[in-house]
Amino acid sequence: MTRRLAQVAKKVGVSEATVSRVLNGKPGVSETTRRSVLTALDVLGYERPTQLRGERARLVGLVLPELQNPIFPAFAEVIGGALAQQGLTPVLCTQTKGGVSEADYVELLLQQQVSGVVFAGGLFAQADAPHEHYRQLSDRKVPVVLINASIDRLDFPCVSCDDAVAVEQAWRHLKSLGHERIGLVLGPPDHIPSRRKLAAAHVAARAAGATLPEEHIERTLFSLEGGHAAASRLLERGVTGIICASDPLALGAVRAARRRGLDVPGDVSVVGYDDSAFMNCTEPPLTTVRQPIEAMGRAAVELLSAQIQGGAVQPGELLFEPELVVRGSTAQAPR
């Protein structure tokens, strides 16, 4: 007990006596401090005293597919800060290859009686992935918000960047520079945002009086290596402009061009997606389509908070407008 008091007191930044008063239900402690002590108990893995177990933890699960792509730490920072302003504590759940699965994390979060869960990327965006754990959350009436497009069968509120507008902006930019052979590097075939981007690219091509050949479309895993491999195949087919579904894919495309002795942007132009950290520091600085991370993250927390407070939130999707950021990785098409 003494060790537990000391650990909780250190975590919260209060005295052991204050922690003891909270655990024993004694007066003289502010509501904010009381909540902080109870949250610290949950985070440290200690059981609450019997008389306090009826209260749902002020914890919110924040489930991310990875941290290697800078866009996800960026979302975590915005969402974590917005949750703290609501008196909620984020519990970061990051998947690793061969590690804890998304379903396992959901089970752990349910055991901790979390107040809600935010998913920023994940299996909800893959049509062929297992989705039973989402239904488990729905059945338990746990508030959930998804960030970026989900499959149709999940009736949760969703906050998304408009994939169609993003591709339209990138396509028009490359066309304005004289590129006629434009290729796409997308995520896996069952990835819903990539499907949306592909559909938008076909519309953009038709609007320009052309078609998008199948050989100008490559699907791969979301990684630098995946972008490298996919872009290499497109470059073999004579593509001069490449639109990528993420910034890491775009950096892989730049590397593929250089490995072939091509200049970026002199011989081939590359457009990314996200405008994640340091994309203005690459060589050349990356032209990309910026997701409004701050606005999207705060909207997700507002939707979650409304549900936690018992308000009615309609399932559906809030679409946010992206912004094309032109830098040094795009230029006039080679003649």
# chains A, B, ... in the order shown; residues from 1 in each chain; ligands from 1

call {"tool": "select_by_dssp", "arguments": {"residues": "range 60-128 of chain A", "states": "strand (DSSP E or B)", "output": "list of chain:residue names"}}
result
A:Val60, A:Gly61, A:Leu62, A:Val63, A:Leu64, A:Thr89, A:Pro90, A:Val91, A:Leu92, A:Cys93, A:Thr94, A:Gly116, A:Val117, A:Val118, A:Phe119, A:Ala120, A:Gln126

call {"tool": "write_last_selection", "arguments": {"atoms": "N, CA and C atoms", "output": "CSV table (one decimal), in the first residue's frame"}}
result
chain,number,residue,atom,x,y,z
A,60,VAL,N,-9.0,7.8,-22.3
A,60,VAL,CA,-9.5,7.7,-23.7
A,60,VAL,C,-8.4,6.9,-24.4
A,61,GLY,N,-8.8,5.8,-25.1
A,61,GLY,CA,-7.8,5.1,-25.9
A,61,GLY,C,-7.5,5.9,-27.2
A,62,LEU,N,-6.3,6.0,-27.5
A,62,LEU,CA,-5.9,6.6,-28.8
A,62,LEU,C,-5.1,5.6,-29.6
A,63,VAL,N,-5.7,4.9,-30.5
A,63,VAL,CA,-5.2,3.8,-31.2
A,63,VAL,C,-4.6,4.2,-32.6
A,64,LEU,N,-3.3,4.0,-32.8
A,64,LEU,CA,-2.6,4.4,-34.0
A,64,LEU,C,-2.0,3.1,-34.6
A,89,THR,N,-7.6,11.7,-20.1
A,89,THR,CA,-6.2,11.3,-20.3
A,89,THR,C,-6.1,10.3,-21.4
A,90,PRO,N,-5.2,10.6,-22.4
A,90,PRO,CA,-5.1,9.6,-23.5
A,90,PRO,C,-4.2,8.4,-23.2
A,91,VAL,N,-4.6,7.3,-23.6
A,91,VAL,CA,-3.8,6.1,-23.5
A,91,VAL,C,-3.3,5.7,-24.9
A,92,LEU,N,-2.1,5.8,-25.2
A,92,LEU,CA,-1.6,5.6,-26.5
A,92,LEU,C,-1.4,4.1,-26.8
A,93,CYS,N,-2.0,3.6,-27.9
A,93,CYS,CA,-1.9,2.2,-28.2
A,93,CYS,C,-1.4,2.2,-29.7
A,94,THR,N,-0.2,1.7,-29.8
A,94,THR,CA,0.5,1.7,-31.1
A,94,THR,C,0.8,0.3,-31.5
A,116,GLY,N,-13.8,6.4,-23.8
A,116,GLY,CA,-14.0,6.4,-25.2
A,116,GLY,C,-12.7,6.0,-25.9
A,117,VAL,N,-12.8,5.9,-27.3
A,117,VAL,CA,-11.7,5.5,-28.1
A,117,VAL,C,-11.6,6.3,-29.4
A,118,VAL,N,-10.4,6.8,-29.7
A,118,VAL,CA,-10.2,7.5,-31.0
A,118,VAL,C,-9.3,6.6,-31.8
A,119,PHE,N,-9.7,6.3,-33.0
A,119,PHE,CA,-8.8,5.5,-33.9
A,119,PHE,C,-8.3,6.4,-35.0
A,120,ALA,N,-7.0,6.6,-35.1
A,120,ALA,CA,-6.5,7.5,-36.2
A,120,ALA,C,-5.7,6.6,-37.2
A,126,GLN,N,-9.7,-0.7,-43.8
A,126,GLN,CA,-9.4,-1.8,-44.7
A,126,GLN,C,-10.6,-2.7,-44.8

call {"tool": "residues_around", "arguments": {"residues": "range 3-13 of chain A", "least_positions_apart": "6", "cutoff": "9 Å", "atoms": "only C-alpha atoms", "output": "JSON, numbers by chain"}}
result
{"A": [19, 20, 33, 36, 37, 38, 40, 41, 44, 46]}

call {"tool": "residues_around", "arguments": {"residues": "Lys141 in chain A", "least_positions_apart": "2", "cutoff": "12 Å", "atoms": "only C-alpha atoms", "output": "number ranges by chain"}}
result
A: 110, 113-117, 134-139, 143-144, 155-156, 307-308, 310

call {"tool": "write_last_selection", "arguments": {"atoms": "C-alpha atoms", "output": "compact mmCIF listing (two decimals), in the first residue's frame"}}
result
# COMPACT_ATOMS: atom_id res chain seq x y z
CA LEU A 110 -12.46 -2.20 -22.22
CA GLN A 113 -13.35 1.05 -18.50
CA VAL A 114 -12.18 3.82 -20.82
CA SER A 115 -14.51 6.70 -21.49
CA GLY A 116 -14.01 6.42 -25.24
CA VAL A 117 -11.65 5.51 -28.08
CA TYR A 134 -15.40 -2.40 -33.45
CA ARG A 135 -18.76 -4.10 -33.06
CA GLN A 136 -17.74 -5.04 -29.53
CA LEU A 137 -17.22 -1.36 -28.76
CA SER A 138 -20.57 -0.53 -30.33
CA ASP A 139 -22.37 -3.23 -28.34
CA PRO A 143 -18.01 6.37 -27.54
CA VAL A 144 -15.81 6.02 -30.64
CA ASP A 155 -21.76 3.39 -37.75
CA PHE A 156 -19.33 5.63 -35.89
CA GLN A 307 -20.79 11.33 -26.72
CA ILE A 308 -19.11 10.94 -23.32
CA GLY A 310 -24.42 11.79 -23.18

call {"tool": "residues_around", "arguments": {"residues": "range 315-321 of chain A", "least_positions_apart": "6", "cutoff": "9 Å", "atoms": "only C-alpha atoms", "output": "ChimeraX atom specification"}}
result
/A:148-149,154-163,165-166,291-292,295-296,299

call {"tool": "write_last_selection", "arguments": {"atoms": "N, CA and C atoms", "output": "PDB file, in the first residue's frame"}}
result
ATOM      1  N   ASN A 148     -10.225   9.537 -40.649  1.00  0.00           N
ATOM      2  CA  ASN A 148     -10.041   9.165 -42.048  1.00  0.00           C
ATOM      3  C   ASN A 148     -10.854   7.930 -42.408  1.00  0.00           C
ATOM      4  N   ALA A 149     -11.274   7.907 -43.666  1.00  0.00           N
ATOM      5  CA  ALA A 149     -12.380   7.101 -44.182  1.00  0.00           C
ATOM      6  C   ALA A 149     -12.439   5.683 -43.649  1.00  0.00           C
ATOM      7  N   LEU A 154     -19.520   0.431 -40.531  1.00  0.00           N
ATOM      8  CA  LEU A 154     -19.252   0.920 -39.182  1.00  0.00           C
ATOM      9  C   LEU A 154     -19.992   2.233 -38.936  1.00  0.00           C
ATOM     10  N   ASP A 155     -20.923   2.214 -37.992  1.00  0.00           N
ATOM     11  CA  ASP A 155     -21.763   3.389 -37.747  1.00  0.00           C
ATOM     12  C   ASP A 155     -21.186   4.251 -36.623  1.00  0.00           C
ATOM     13  N   PHE A 156     -19.958   4.718 -36.828  1.00  0.00           N
ATOM     14  CA  PHE A 156     -19.326   5.635 -35.887  1.00  0.00           C
ATOM     15  C   PHE A 156     -19.132   6.986 -36.580  1.00  0.00           C
ATOM     16  N   PRO A 157     -19.136   8.074 -35.810  1.00  0.00           N
ATOM     17  CA  PRO A 157     -18.761   9.358 -36.423  1.00  0.00           C
ATOM     18  C   PRO A 157     -17.320   9.318 -36.892  1.00  0.00           C
ATOM     19  N   CYS A 158     -17.060   9.974 -38.004  1.00  0.00           N
ATOM     20  CA  CYS A 158     -15.743   9.914 -38.639  1.00  0.00           C
ATOM     21  C   CYS A 158     -15.330  11.317 -39.078  1.00  0.00           C
ATOM     22  N   VAL A 159     -14.057  11.626 -38.885  1.00  0.00           N
ATOM     23  CA  VAL A 159     -13.473  12.891 -39.312  1.00  0.00           C
ATOM     24  C   VAL A 159     -12.451  12.575 -40.394  1.00  0.00           C
ATOM     25  N   SER A 160     -12.620  13.139 -41.582  1.00  0.00           N
ATOM     26  CA  SER A 160     -11.765  12.778 -42.704  1.00  0.00           C
ATOM     27  C   SER A 160     -11.275  13.990 -43.473  1.00  0.00           C
ATOM     28  N   CYS A 161     -10.116  13.823 -44.096  1.00  0.00           N
ATOM     29  CA  CYS A 161      -9.658  14.772 -45.098  1.00  0.00           C
ATOM     30  C   CYS A 161     -10.251  14.326 -46.437  1.00  0.00           C
ATOM     31  N   ASP A 162     -10.674  15.263 -47.246  1.00  0.00           N
ATOM     32  CA  ASP A 162     -11.359  14.932 -48.502  1.00  0.00           C
ATOM     33  C   ASP A 162     -10.363  14.400 -49.524  1.00  0.00           C
ATOM     34  N   ASP A 163     -10.365  13.072 -49.691  1.00  0.00           N
ATOM     35  CA  ASP A 163      -9.412  12.427 -50.602  1.00  0.00           C
ATOM     36  C   ASP A 163      -9.612  12.861 -52.046  1.00  0.00           C
ATOM     37  N   VAL A 165     -10.748  15.756 -53.224  1.00  0.00           N
ATOM     38  CA  VAL A 165     -10.203  17.093 -53.437  1.00  0.00           C
ATOM     39  C   VAL A 165      -8.679  17.056 -53.447  1.00  0.00           C
ATOM     40  N   ALA A 166      -8.091  16.236 -52.575  1.00  0.00           N
ATOM     41  CA  ALA A 166      -6.631  16.132 -52.504  1.00  0.00           C
ATOM     42  C   ALA A 166      -6.038  15.681 -53.839  1.00  0.00           C
ATOM     43  N   GLN A 291      -2.992  17.745 -44.918  1.00  0.00           N
ATOM     44  CA  GLN A 291      -4.176  17.482 -44.116  1.00  0.00           C
ATOM     45  C   GLN A 291      -4.271  18.536 -43.003  1.00  0.00           C
ATOM     46  N   PRO A 292      -5.456  19.063 -42.724  1.00  0.00           N
ATOM     47  CA  PRO A 292      -5.601  20.032 -41.622  1.00  0.00           C
ATOM     48  C   PRO A 292      -5.641  19.299 -40.279  1.00  0.00           C
ATOM     49  N   ALA A 295      -7.316  21.023 -37.051  1.00  0.00           N
ATOM     50  CA  ALA A 295      -8.780  21.108 -37.104  1.00  0.00           C
ATOM     51  C   ALA A 295      -9.421  19.729 -37.012  1.00  0.00           C
ATOM     52  N   MET A 296      -8.844  18.741 -37.680  1.00  0.00           N
ATOM     53  CA  MET A 296      -9.407  17.398 -37.656  1.00  0.00           C
ATOM     54  C   MET A 296      -9.301  16.781 -36.266  1.00  0.00           C
ATOM     55  N   ALA A 299     -11.768  18.412 -33.881  1.00  0.00           N
ATOM     56  CA  ALA A 299     -13.140  18.005 -34.204  1.00  0.00           C
ATOM     57  C   ALA A 299     -13.414  16.595 -33.686  1.00  0.00           C
TER      58      ALA A 299
END

call {"tool": "select_by_dssp", "arguments": {"residues": "range 175-260 of chain A", "states": "helix (DSSP H, G or I)", "output": "PyMOL selection string"}}
result
chain A and resi 175-176+192-207+214-216+224-236+247-259

call {"tool": "residues_around", "arguments": {"residues": "Pro285 in chain A", "least_positions_apart": "3", "cutoff": "7 Å", "atoms": "only C-alpha atoms", "output": "VMD selection string"}}
result
chain A and resid 279 to 282 327 to 329

call {"tool": "write_last_selection", "arguments": {"atoms": "N, CA, C and O atoms", "output": "PDB file, in the first residue's frame"}}
result
ATOM      1  N   MET A 279       8.836  17.798 -44.094  1.00  0.00           N
ATOM      2  CA  MET A 279       8.746  17.652 -45.548  1.00  0.00           C
ATOM      3  C   MET A 279       9.266  18.892 -46.267  1.00  0.00           C
ATOM      4  O   MET A 279       9.576  18.831 -47.456  1.00  0.00           O
ATOM      5  N   ASN A 280       9.376  19.995 -45.543  1.00  0.00           N
ATOM      6  CA  ASN A 280       9.980  21.193 -46.129  1.00  0.00           C
ATOM      7  C   ASN A 280      11.499  21.182 -45.983  1.00  0.00           C
ATOM      8  O   ASN A 280      12.178  22.085 -46.466  1.00  0.00           O
ATOM      9  N   CYS A 281      12.033  20.149 -45.332  1.00  0.00           N
ATOM     10  CA  CYS A 281      13.480  20.048 -45.117  1.00  0.00           C
ATOM     11  C   CYS A 281      14.121  18.960 -45.960  1.00  0.00           C
ATOM     12  O   CYS A 281      15.333  18.742 -45.879  1.00  0.00           O
ATOM     13  N   THR A 282      13.332  18.233 -46.745  1.00  0.00           N
ATOM     14  CA  THR A 282      13.895  17.191 -47.594  1.00  0.00           C
ATOM     15  C   THR A 282      14.599  17.828 -48.783  1.00  0.00           C
ATOM     16  O   THR A 282      14.509  19.031 -49.018  1.00  0.00           O
ATOM     17  N   ARG A 327       6.234  22.894 -53.389  1.00  0.00           N
ATOM     18  CA  ARG A 327       7.634  23.099 -53.016  1.00  0.00           C
ATOM     19  C   ARG A 327       8.520  22.668 -54.198  1.00  0.00           C
ATOM     20  O   ARG A 327       8.133  22.826 -55.348  1.00  0.00           O
ATOM     21  N   GLY A 328       9.667  22.115 -53.893  1.00  0.00           N
ATOM     22  CA  GLY A 328      10.648  21.895 -54.950  1.00  0.00           C
ATOM     23  C   GLY A 328      10.639  20.559 -55.656  1.00  0.00           C
ATOM     24  O   GLY A 328      11.462  20.333 -56.541  1.00  0.00           O
ATOM     25  N   SER A 329       9.722  19.656 -55.317  1.00  0.00           N
ATOM     26  CA  SER A 329       9.744  18.336 -55.945  1.00  0.00           C
ATOM     27  C   SER A 329       8.890  18.255 -57.208  1.00  0.00           C
ATOM     28  O   SER A 329       8.777  17.183 -57.813  1.00  0.00           O
TER      29      SER A 329
END
